[in-house]
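Novice: File follows, coords23.tsv with TSV, C-alpha atoms:
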```
chain	number	residue	atom	x	y	z
A	79	MET	CA	50.51	-22.88	29.60
A	80	LYS	CA	50.42	-25.76	32.05
A	81	PRO	CA	51.87	-29.08	30.86
A	82	THR	CA	49.69	-32.17	30.89
A	83	GLN	CA	50.62	-34.80	33.44
A	84	PRO	CA	50.57	-38.36	32.11
A	85	VAL	CA	48.22	-40.47	34.18
A	86	LYS	CA	49.50	-43.51	36.03
A	87	PRO	CA	47.47	-46.59	36.97
A	88	ASN	CA	46.14	-46.25	40.49
A	89	SER	CA	43.98	-48.50	42.64
A	90	ASN	CA	42.67	-45.37	44.38
A	91	ILE	CA	39.74	-44.25	42.17
A	92	THR	CA	39.63	-40.75	43.65
A	93	ALA	CA	43.34	-40.19	43.02
A	94	LEU	CA	43.03	-41.70	39.54
A	95	LEU	CA	40.23	-39.30	38.58
A	96	GLU	CA	42.10	-36.33	39.99
A	97	SER	CA	45.10	-37.37	37.91
A	98	MET	CA	42.92	-37.81	34.81
A	99	SER	CA	41.73	-34.21	35.19
A	100	ARG	CA	45.23	-33.13	34.16
A	101	THR	CA	45.30	-35.18	30.95
A	102	GLY	CA	43.18	-34.73	27.82
A	103	PHE	CA	40.00	-35.57	25.94
A	104	GLN	CA	37.07	-37.25	27.70
A	105	GLY	CA	39.27	-38.77	30.39
A	106	ARG	CA	40.08	-35.23	31.43
A	107	LYS	CA	36.39	-34.30	31.42
A	108	LEU	CA	35.58	-37.31	33.58
A	109	GLY	CA	38.21	-36.23	36.09
A	110	GLU	CA	37.02	-32.61	36.02
A	111	SER	CA	33.46	-33.75	36.76
A	112	LEU	CA	34.62	-35.21	40.08
A	113	GLY	CA	36.02	-31.83	41.05
A	114	ILE	CA	32.87	-29.92	40.13
A	115	TRP	CA	30.57	-32.41	41.85
A	116	THR	CA	32.75	-32.12	44.95
A	117	ARG	CA	32.38	-28.32	44.80
A	118	MET	CA	28.58	-28.72	44.71
A	119	ILE	CA	28.62	-31.02	47.73
A	120	THR	CA	30.84	-28.75	49.79
A	121	ASP	CA	28.95	-25.55	48.93
A	122	PRO	CA	26.43	-25.02	51.76
A	123	ASP	CA	24.33	-22.77	49.52
A	124	CYS	CA	23.93	-25.30	46.69
A	125	THR	CA	20.89	-27.49	46.01
A	126	VAL	CA	21.86	-30.40	43.72
A	127	PHE	CA	19.49	-31.63	41.01
A	128	MET	CA	20.01	-34.85	39.06
A	129	GLY	CA	18.36	-35.59	35.70
A	130	LEU	CA	18.14	-39.33	35.10
A	131	SER	CA	17.44	-40.65	31.62
A	132	GLY	CA	18.40	-43.77	29.69
A	133	ALA	CA	17.83	-47.31	30.96
A	134	MET	CA	20.07	-46.87	33.98
A	135	ILE	CA	18.27	-49.30	36.31
A	136	PRO	CA	18.16	-52.20	33.82
A	137	ALA	CA	21.85	-51.52	33.11
A	138	GLY	CA	22.70	-52.08	36.78
A	139	MET	CA	23.08	-48.54	38.15
A	140	GLN	CA	20.52	-48.91	40.96
A	141	ASN	CA	22.97	-49.30	43.85
A	142	VAL	CA	25.13	-46.46	42.58
A	143	LEU	CA	22.14	-44.11	42.61
A	144	ILE	CA	20.99	-45.34	46.03
A	145	ASP	CA	24.43	-44.66	47.52
A	146	LEU	CA	24.52	-41.16	46.01
A	147	VAL	CA	21.21	-40.42	47.75
A	148	ARG	CA	22.30	-41.95	51.06
A	149	HIS	CA	25.48	-39.85	51.04
A	150	ARG	CA	23.37	-36.72	50.39
A	151	TYR	CA	25.23	-36.04	47.15
A	152	VAL	CA	21.87	-35.39	45.40
A	153	ASP	CA	18.92	-33.33	46.69
A	154	VAL	CA	16.30	-33.64	43.92
A	155	ILE	CA	15.90	-36.24	41.16
A	156	VAL	CA	14.07	-35.80	37.86
A	157	SER	CA	13.72	-39.15	36.12
A	158	THR	CA	12.09	-40.86	33.22
A	159	GLY	CA	9.15	-43.01	34.25
A	160	ALA	CA	10.92	-46.06	32.86
A	161	ASN	CA	13.78	-45.85	35.36
A	162	ILE	CA	11.39	-45.65	38.31
A	163	PHE	CA	9.31	-48.51	36.90
A	164	HIS	CA	12.36	-50.77	36.54
A	165	ASP	CA	13.51	-49.67	39.99
A	166	THR	CA	10.11	-50.69	41.41
A	167	CYS	CA	10.42	-54.04	39.61
A	168	GLU	CA	13.71	-54.77	41.36
A	169	HIS	CA	12.18	-53.85	44.73
A	170	LEU	CA	9.36	-56.31	44.07
A	171	GLY	CA	11.77	-59.10	43.13
A	172	VAL	CA	11.37	-58.79	39.37
A	173	HIS	CA	14.87	-58.83	37.94
A	174	HIS	CA	16.74	-57.97	34.77
A	175	TYR	CA	19.02	-60.57	33.24
A	176	LEU	CA	22.30	-60.77	31.35
A	177	GLY	CA	21.44	-61.13	27.68
A	178	HIS	CA	23.19	-60.38	24.40
A	179	HIS	CA	22.79	-57.67	21.79
A	180	HIS	CA	23.13	-60.27	19.03
A	181	ALA	CA	19.91	-62.16	19.58
A	182	ASP	CA	16.99	-63.40	17.49
A	183	ASP	CA	14.38	-60.86	18.57
A	184	THR	CA	11.56	-62.77	16.94
A	185	ALA	CA	12.51	-65.81	19.01
A	186	LEU	CA	12.71	-63.62	22.12
A	187	PHE	CA	9.22	-62.29	21.42
A	188	GLU	CA	7.87	-65.81	21.06
A	189	GLU	CA	9.43	-66.67	24.44
A	190	GLY	CA	7.99	-63.55	26.09
A	191	ILE	CA	11.40	-61.97	26.63
A	192	ASP	CA	12.00	-58.22	26.23
A	193	ARG	CA	15.45	-56.95	25.21
A	194	ILE	CA	17.11	-53.72	26.30
A	195	TYR	CA	20.30	-53.89	24.23
A	196	ASP	CA	22.12	-56.72	26.06
A	197	VAL	CA	19.73	-57.00	29.02
A	198	PHE	CA	16.74	-59.36	29.03
A	199	ALA	CA	13.53	-59.32	31.07
A	200	TYR	CA	10.27	-61.27	31.12
A	201	GLU	CA	7.29	-59.40	29.67
A	202	GLU	CA	4.83	-61.30	31.85
A	203	GLU	CA	6.68	-60.19	34.99
A	204	PHE	CA	6.58	-56.57	33.79
A	205	ARG	CA	2.83	-56.86	33.24
A	206	ASN	CA	2.45	-58.22	36.75
A	207	VAL	CA	4.18	-55.09	38.04
A	208	ASP	CA	1.87	-52.95	35.88
A	209	ALA	CA	-1.03	-54.65	37.66
A	210	GLU	CA	0.64	-54.06	41.04
A	211	ILE	CA	0.93	-50.35	40.25
A	212	ALA	CA	-2.74	-50.31	39.29
A	213	ARG	CA	-3.61	-51.89	42.66
A	214	PHE	CA	-1.41	-49.35	44.43
A	215	ALA	CA	-3.25	-46.55	42.62
A	216	GLY	CA	-6.51	-47.94	43.93
A	217	ALA	CA	-5.10	-47.90	47.46
A	218	ILE	CA	-4.32	-44.16	47.36
A	219	ALA	CA	-7.36	-43.09	45.32
A	220	PRO	CA	-8.88	-40.63	44.98
A	221	PHE	CA	-5.58	-38.98	44.10
A	222	ARG	CA	-4.74	-35.83	42.20
A	223	GLY	CA	-1.27	-34.41	42.63
A	224	SER	CA	2.19	-34.03	41.20
A	225	SER	CA	4.38	-36.94	40.18
A	226	ARG	CA	6.61	-35.93	43.10
A	227	GLU	CA	3.76	-36.59	45.52
A	228	PHE	CA	2.84	-39.81	43.71
A	229	THR	CA	6.38	-41.23	43.83
A	230	ARG	CA	6.63	-40.35	47.52
A	231	HIS	CA	3.50	-42.43	48.16
A	232	LEU	CA	4.97	-45.23	46.02
A	233	GLY	CA	8.25	-45.20	47.94
A	234	ASP	CA	6.46	-45.28	51.29
A	235	TRP	CA	4.20	-48.10	50.11
A	236	LEU	CA	7.18	-50.18	48.97
A	237	ARG	CA	8.94	-49.65	52.28
A	238	GLU	CA	5.88	-50.62	54.29
A	239	ASN	CA	4.68	-53.58	52.21
A	240	ARG	CA	8.01	-54.98	51.00
A	241	PRO	CA	10.54	-53.99	53.69
A	242	GLU	CA	12.91	-56.71	52.48
A	243	GLY	CA	13.23	-55.00	49.09
A	244	GLN	CA	15.51	-52.20	47.98
A	245	SER	CA	14.97	-49.43	45.46
A	246	LEU	CA	15.89	-45.87	44.62
A	247	VAL	CA	12.30	-44.72	45.04
A	248	ALA	CA	12.05	-46.23	48.53
A	249	THR	CA	15.43	-44.79	49.53
A	250	CYS	CA	14.41	-41.34	48.32
A	251	ALA	CA	11.21	-41.56	50.37
A	252	GLU	CA	13.27	-42.54	53.41
A	253	CYS	CA	15.83	-39.74	52.87
A	254	ASN	CA	13.26	-37.11	51.86
A	255	VAL	CA	14.68	-36.66	48.36
A	256	PRO	CA	11.87	-35.77	45.94
A	257	ILE	CA	11.56	-37.56	42.59
A	258	PHE	CA	9.81	-35.81	39.72
A	259	ILE	CA	8.69	-37.75	36.63
A	260	PRO	CA	7.65	-35.08	34.12
A	261	ALA	CA	6.70	-37.61	31.41
A	262	LEU	CA	5.22	-40.23	33.72
A	263	CYS	CA	2.64	-41.42	31.19
A	264	ASP	CA	5.47	-42.36	28.82
A	265	SER	CA	6.32	-45.44	30.86
A	266	SER	CA	4.93	-48.63	32.32
A	267	ILE	CA	3.91	-46.64	35.38
A	268	GLY	CA	1.60	-44.76	33.05
A	269	ILE	CA	0.34	-48.07	31.67
A	270	GLY	CA	-0.48	-49.25	35.18
A	271	LEU	CA	-2.33	-46.03	35.94
A	272	VAL	CA	-4.36	-46.33	32.73
A	273	MET	CA	-5.33	-49.83	33.84
A	274	ALA	CA	-6.51	-48.37	37.14
A	275	ARG	CA	-8.41	-45.53	35.51
A	276	ARG	CA	-10.29	-47.90	33.19
A	277	ARG	CA	-11.49	-49.72	36.29
A	278	GLY	CA	-12.92	-46.48	37.62
A	279	VAL	CA	-10.06	-45.57	39.96
A	280	GLU	CA	-9.79	-41.81	40.43
A	281	ILE	CA	-6.11	-41.18	39.71
A	282	ASP	CA	-4.67	-38.10	38.03
A	283	ILE	CA	-1.04	-36.97	37.82
A	284	ASP	CA	-0.89	-33.19	37.58
A	285	GLN	CA	2.18	-32.50	35.43
A	286	LEU	CA	1.68	-28.72	35.64
A	287	ALA	CA	2.01	-29.06	39.40
A	288	ASP	CA	5.37	-30.76	38.75
A	289	THR	CA	6.62	-27.75	36.81
A	290	ASP	CA	5.46	-25.31	39.46
A	291	GLU	CA	6.79	-27.34	42.39
A	292	ILE	CA	10.29	-27.87	41.03
A	293	THR	CA	10.57	-24.24	39.94
A	294	ARG	CA	9.66	-23.14	43.46
A	295	VAL	CA	12.46	-25.36	44.79
A	296	VAL	CA	14.88	-23.60	42.44
A	297	GLU	CA	13.49	-20.18	43.36
A	298	GLY	CA	14.01	-20.97	47.03
A	299	ALA	CA	17.60	-22.12	46.58
A	300	ARG	CA	20.56	-19.79	47.02
A	301	LYS	CA	22.47	-21.68	44.30
A	302	THR	CA	21.69	-24.67	42.12
A	303	GLY	CA	23.88	-27.38	40.67
A	304	VAL	CA	22.75	-29.83	38.00
A	305	ILE	CA	23.98	-33.30	37.05
A	306	TYR	CA	22.55	-34.86	33.92
A	307	ILE	CA	22.77	-38.59	33.29
A	308	GLY	CA	22.00	-38.56	29.58
A	309	GLY	CA	19.64	-35.82	28.48
A	310	GLY	CA	16.06	-36.01	27.27
A	311	VAL	CA	13.03	-34.72	29.15
A	312	PRO	CA	14.70	-34.76	32.61
A	313	LYS	CA	17.45	-32.41	31.41
A	314	ASN	CA	15.13	-29.82	29.90
A	315	PHE	CA	12.67	-30.07	32.78
A	316	ILE	CA	15.42	-28.95	35.16
A	317	GLN	CA	16.95	-26.45	32.73
A	318	GLN	CA	13.67	-24.64	32.09
A	319	THR	CA	13.19	-23.80	35.77
A	320	GLN	CA	15.57	-20.88	35.33
A	321	VAL	CA	13.47	-19.54	32.44
A	322	ILE	CA	10.19	-19.95	34.37
A	323	ALA	CA	11.69	-18.18	37.37
A	324	SER	CA	12.80	-15.25	35.21
A	325	ILE	CA	9.30	-14.93	33.71
A	326	HIS	CA	8.03	-14.56	37.27
A	327	GLU	CA	10.53	-11.78	37.91
A	328	GLN	CA	13.00	-13.93	39.78
A	329	ASN	CA	16.14	-13.67	37.69
A	330	LEU	CA	18.32	-16.25	39.37
A	331	GLY	CA	21.20	-15.98	36.92
A	332	GLY	CA	21.28	-19.61	35.83
A	333	HIS	CA	22.63	-22.77	37.45
A	334	ALA	CA	25.94	-22.23	39.26
A	335	TYR	CA	27.32	-25.73	38.60
A	336	ALA	CA	26.63	-28.15	35.76
A	337	ILE	CA	27.76	-31.67	34.81
A	338	GLN	CA	26.52	-33.94	32.03
A	339	TYR	CA	27.45	-37.45	30.98
A	340	THR	CA	26.08	-38.09	27.51
A	341	THR	CA	26.78	-39.84	24.22
A	342	ASP	CA	24.76	-37.31	22.19
A	343	ALA	CA	26.60	-34.75	20.08
A	344	PRO	CA	25.64	-31.05	19.90
A	345	HIS	CA	25.76	-30.69	16.11
A	346	TRP	CA	22.49	-32.62	15.64
A	347	GLY	CA	20.63	-29.80	17.38
A	348	GLY	CA	18.97	-31.95	20.04
A	349	LEU	CA	18.66	-30.99	23.68
A	350	SER	CA	20.45	-34.13	24.91
A	351	GLY	CA	23.67	-33.06	23.21
A	352	CYS	CA	23.18	-29.32	23.69
A	353	THR	CA	26.23	-27.70	25.26
A	354	PHE	CA	26.09	-25.72	28.49
A	355	GLU	CA	27.53	-22.80	26.54
A	356	GLU	CA	24.42	-22.80	24.34
A	357	ALA	CA	22.29	-22.95	27.49
A	358	ILE	CA	23.87	-19.67	28.66
A	359	SER	CA	22.10	-17.89	25.79
A	360	TRP	CA	18.78	-19.01	27.30
A	361	GLY	CA	19.70	-17.97	30.81
A	362	LYS	CA	19.73	-21.58	31.96
A	363	GLU	CA	23.38	-21.65	33.00
A	364	ALA	CA	25.28	-18.85	34.67
A	365	PRO	CA	28.03	-17.47	32.38
A	366	GLU	CA	30.56	-17.96	35.19
A	367	SER	CA	29.25	-21.42	36.14
A	368	LEU	CA	31.63	-24.29	36.80
A	369	ARG	CA	30.59	-26.74	34.10
A	370	VAL	CA	31.78	-29.81	32.25
A	371	GLN	CA	30.24	-32.22	29.75
A	372	CYS	CA	31.78	-35.65	29.45
A	373	PHE	CA	30.88	-37.44	26.24
A	374	CYS	CA	30.86	-40.96	27.63
A	375	ASP	CA	28.43	-43.81	28.26
A	376	ALA	CA	26.87	-43.03	31.63
A	377	THR	CA	27.14	-46.69	32.67
A	378	ILE	CA	30.91	-46.16	32.55
A	379	ALA	CA	31.08	-42.65	33.99
A	380	LEU	CA	28.56	-42.83	36.82
A	381	PRO	CA	29.95	-45.76	38.88
A	382	ILE	CA	33.51	-44.47	38.48
A	383	VAL	CA	32.73	-40.90	39.57
A	384	ALA	CA	30.41	-42.08	42.37
A	385	SER	CA	33.21	-44.33	43.63
A	386	GLY	CA	35.58	-41.37	43.49
A	387	LEU	CA	33.20	-39.20	45.52
A	388	ILE	CA	32.52	-41.83	48.16
A	389	GLY	CA	36.16	-42.89	48.27
A	390	SER	CA	37.28	-39.32	48.89
A	391	GLY	CA	35.20	-39.23	52.07
A	392	VAL	CA	33.77	-35.83	51.14
A	393	LYS	CA	30.89	-34.84	53.41
A	394	ARG	CA	27.87	-32.82	52.45
A	395	ALA	CA	28.14	-29.27	53.73
A	396	ARG	CA	25.40	-28.24	56.12
A	397	ARG	CA	22.82	-26.47	53.99
A	398	ALA	CA	20.82	-23.45	54.96
A	399	PRO	CA	17.07	-24.15	55.26
```
Give the structure from this file in structure tokens form.

Specialist:
Amino acid sequence: MKPTQPVKPNSNITALLESMSRTGFQGRKLGESLGIWTRMITDPDCTVFMGLSGAMIPAGMQNVLIDLVRHRYVDVIVSTGANIFHDTCEHLGVHHYLGHHHADDTALFEEGIDRIYDVFAYEEEFRNVDAEIARFAGAIAPFRGSSREFTRHLGDWLRENRPEGQSLVATCAECNVPIFIPALCDSSIGIGLVMARRRGVEIDIDQLADTDEITRVVEGARKTGVIYIGGGVPKNFIQQTQVIASIHEQNLGGHAYAIQYTTDAPHWGGLSGCTFEEAISWGKEAPESLRVQCFCDATIALPIVASGLIGSGVKRARRAP
């Protein structure tokens, strides 16, 4: 029995989180997540996967994610299409605005304003970006490939044509961090590609190639660590790689490290709230894995933990090829 240690206010975020790891409840889980993420970073055998769901870019998490990539704290990203669309918007100068969750949505509709909880955006500007994506599709057509290949082209195109802009997708292209979008059609990127296809542009995202490509990355890794921002499709897309690998006679034993920040509860039976302990029964997590789930809004958890990582000065261990 080890006594808890009451946390004290501290301007040093890293020290604060380390202190919180010796307290209780979700504050403790938040602190523990810093320790496990640090273990992933300093393990030269570990390949780190991040699942990105929820409206993280509209909520202002873009720079946090960019810095995580630049510090090599993430190796592979699996995202919703919406996050990459909103990220592309910001690169192209289309912004999201401070709004309010108590608003007259009928009045907003009449003004052409979309609401994402307490964030506003202009629908016409979004449609302009849809059209820009359709034009981009025409520039790379004929194209048939994985969403990973598509987003790499998109990141390179943004860097070349709008060098003054900044985005996660462009940063990932620069740093050679692949982005998979397993439900790409369920987003405004998909809308833009439908626009292109109806004009006769030969564009086809091969989602089966996505599944095969990311599983081969997992199969080629000595260890894997996973970080889930929310849950949804990105979480399961990464989780199922262990099952696919085992079907192909590569029993990898499950992910060695696992972190999740979510507001979903396990007792509803959904994947987003599913515990890592439940995932062990599927072979998705290693029974001995270092794992923690922090039930907290990711817009609170992510910038705090990222600040703790960067503030600690931890360096990415040199990874084997």

Novice: Between A:Ala261, A:Met273, A:Ile155, A:Asp182, single out the one closest to Asn206 (chain A), counting all atoms listed in the file.

Specialist: A:Met273

Novice: Between A:Lys393, A:His326, A:Arg226, A:Arg277, single out the one closest to Val154 (chain A), counting all atoms listed in the file.

Specialist: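 Closest residue, counting all atoms listed in the file: A:Arg226.
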
Novice: What would the list of residues within 10 Å of (14.1, -49.6, 40.8) (file frame) look like as a list in words, if only C-alpha atoms are what count?

Specialist: Met134, Ile135, Pro136, Gly138, Met139, Gln140, Asn141, Leu143, Ile144, Ala160, Asn161, Ile162, Phe163, His164, Asp165, Thr166, Cys167, Glu168, His169, Leu170, Val172, His173, Gly243, Gln244, Ser245, Leu246, Val247 and Ala248 of chain A

Novice: Find the axis-aligned box for region 150-153 of chain A, covering all its listed atoms and adding 6 Å on each side, and write its centre and edge lengths in Å to one decimal as JSON.

Specialist:
```
{"center_x": 22.1, "center_y": -35.0, "center_z": 47.9, "size_x": 18.3, "size_y": 15.4, "size_z": 17.0}
```

Novice: Can you tell me, as a ChimeraX atom specification, what residues are no more than 8 Å from Val156 (chain A) when counting all atoms listed in the file, ignoring any on the same chain fewer than 5 positions away?

Specialist: /A:127-130,257-260,312,315-316

Novice: Those residues with C-alpha atoms, as an mmCIF file, in the frame of the given file please?

Specialist:
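Result written to result-v9.cif:
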```cif
data_model
loop_
_atom_site.group_PDB
_atom_site.id
_atom_site.type_symbol
_atom_site.label_atom_id
_atom_site.label_comp_id
_atom_site.auth_asym_id
_atom_site.auth_seq_id
_atom_site.Cartn_x
_atom_site.Cartn_y
_atom_site.Cartn_z
ATOM 1 C CA PHE A 127 19.490 -31.630 41.010
ATOM 2 C CA MET A 128 20.010 -34.850 39.060
ATOM 3 C CA GLY A 129 18.360 -35.590 35.700
ATOM 4 C CA LEU A 130 18.140 -39.330 35.100
ATOM 5 C CA ILE A 257 11.560 -37.560 42.590
ATOM 6 C CA PHE A 258 9.810 -35.810 39.720
ATOM 7 C CA ILE A 259 8.690 -37.750 36.630
ATOM 8 C CA PRO A 260 7.650 -35.080 34.120
ATOM 9 C CA PRO A 312 14.700 -34.760 32.610
ATOM 10 C CA PHE A 315 12.670 -30.070 32.780
ATOM 11 C CA ILE A 316 15.420 -28.950 35.160
#
```

Novice: Give me the residues near Asp123 (chain A) as a ChimeraX atom specification, where near means some atom within 12 Å (using only C-alpha atoms) and where sequence neighbours in that chain fewer than 5 positions away do not count.

Specialist: /A:117-118,296,298-303,334-335,394-399

Novice: Quick one: pull the distance between CA of Ile269 (chain A) and CA of Tyr195 (chain A), Å, one decimal.

Specialist: 22.1 Å

Novice: Residues at most 12 Å from Thr92 (chain A), counting only C-alpha atoms, excluding those fewer than 4 positions away in the same chain, as a VMD selection string?

Specialist: chain A and resid 87 to 88 96 to 99 108 to 113 116 381 to 392

Novice: Using only C-alpha atoms, which residue out of A:Ile292, A:Ala323, A:Leu95, A:Ala185 lies closest to Lys362 (chain A)?

Specialist: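 Looking at the shortest contact to Lys362 (chain A), the residue is A:Ala323.
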
Novice: Work out how far CA of Ile283 (chain A) is from CA of Leu349 (chain A), in Å to one decimal.

Specialist: 25.0 Å

Novice: Quick one: pull the distance between CA of Glu227 (chain A) and CA of Ala212 (chain A), Å, one decimal.

Specialist: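 Value for the CA of Glu227 (chain A)-CA of Ala212 (chain A) distance: 16.4 Å.
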
Novice: List as a ChimeraX atom specification the residues having at least one atom at most 12 Å from position (17.9, -32.2, 29.6) as given in the file, counting all atoms listed in the file.

Specialist: /A:127-132,156-158,260,304-319,336-340,342,348-354,357,362

Novice: Need the shell around Gly216 (chain A): protein/DNA/RNA residues with any atom at most 10 Å away, counting only C-alpha atoms. Skip same-chain ones fewer than 3 positions apart. Format as a list in words?

Specialist: Glu210, Ile211, Ala212, Arg213, Ala219, Pro220, Phe221, Leu271, Ala274, Arg275, Arg277, Gly278, Val279, Glu280 and Ile281 of chain A

Novice: For Val272 (chain A), which residue out of A:Leu186, A:Ala209, A:Cys372, A:Thr289 is the nearest one, using all atoms listed in the file?

Specialist: A:Ala209

Novice: Write out as number ranges by chain the residues lying within 9 Å of Thr101 (chain A), counting all atoms listed in the file and excluding same-chain residues fewer than 5 positions away.

Specialist: A: 81-85, 106-107, 109

Novice: Go through A:His180, A:Ile358, A:Thr341, A:Pro122 and flag the residue nearest Ile378 (chain A), using only C-alpha atoms for the distances.

Specialist: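 For Ile378 (chain A), the nearest of the given residues is A:Thr341.
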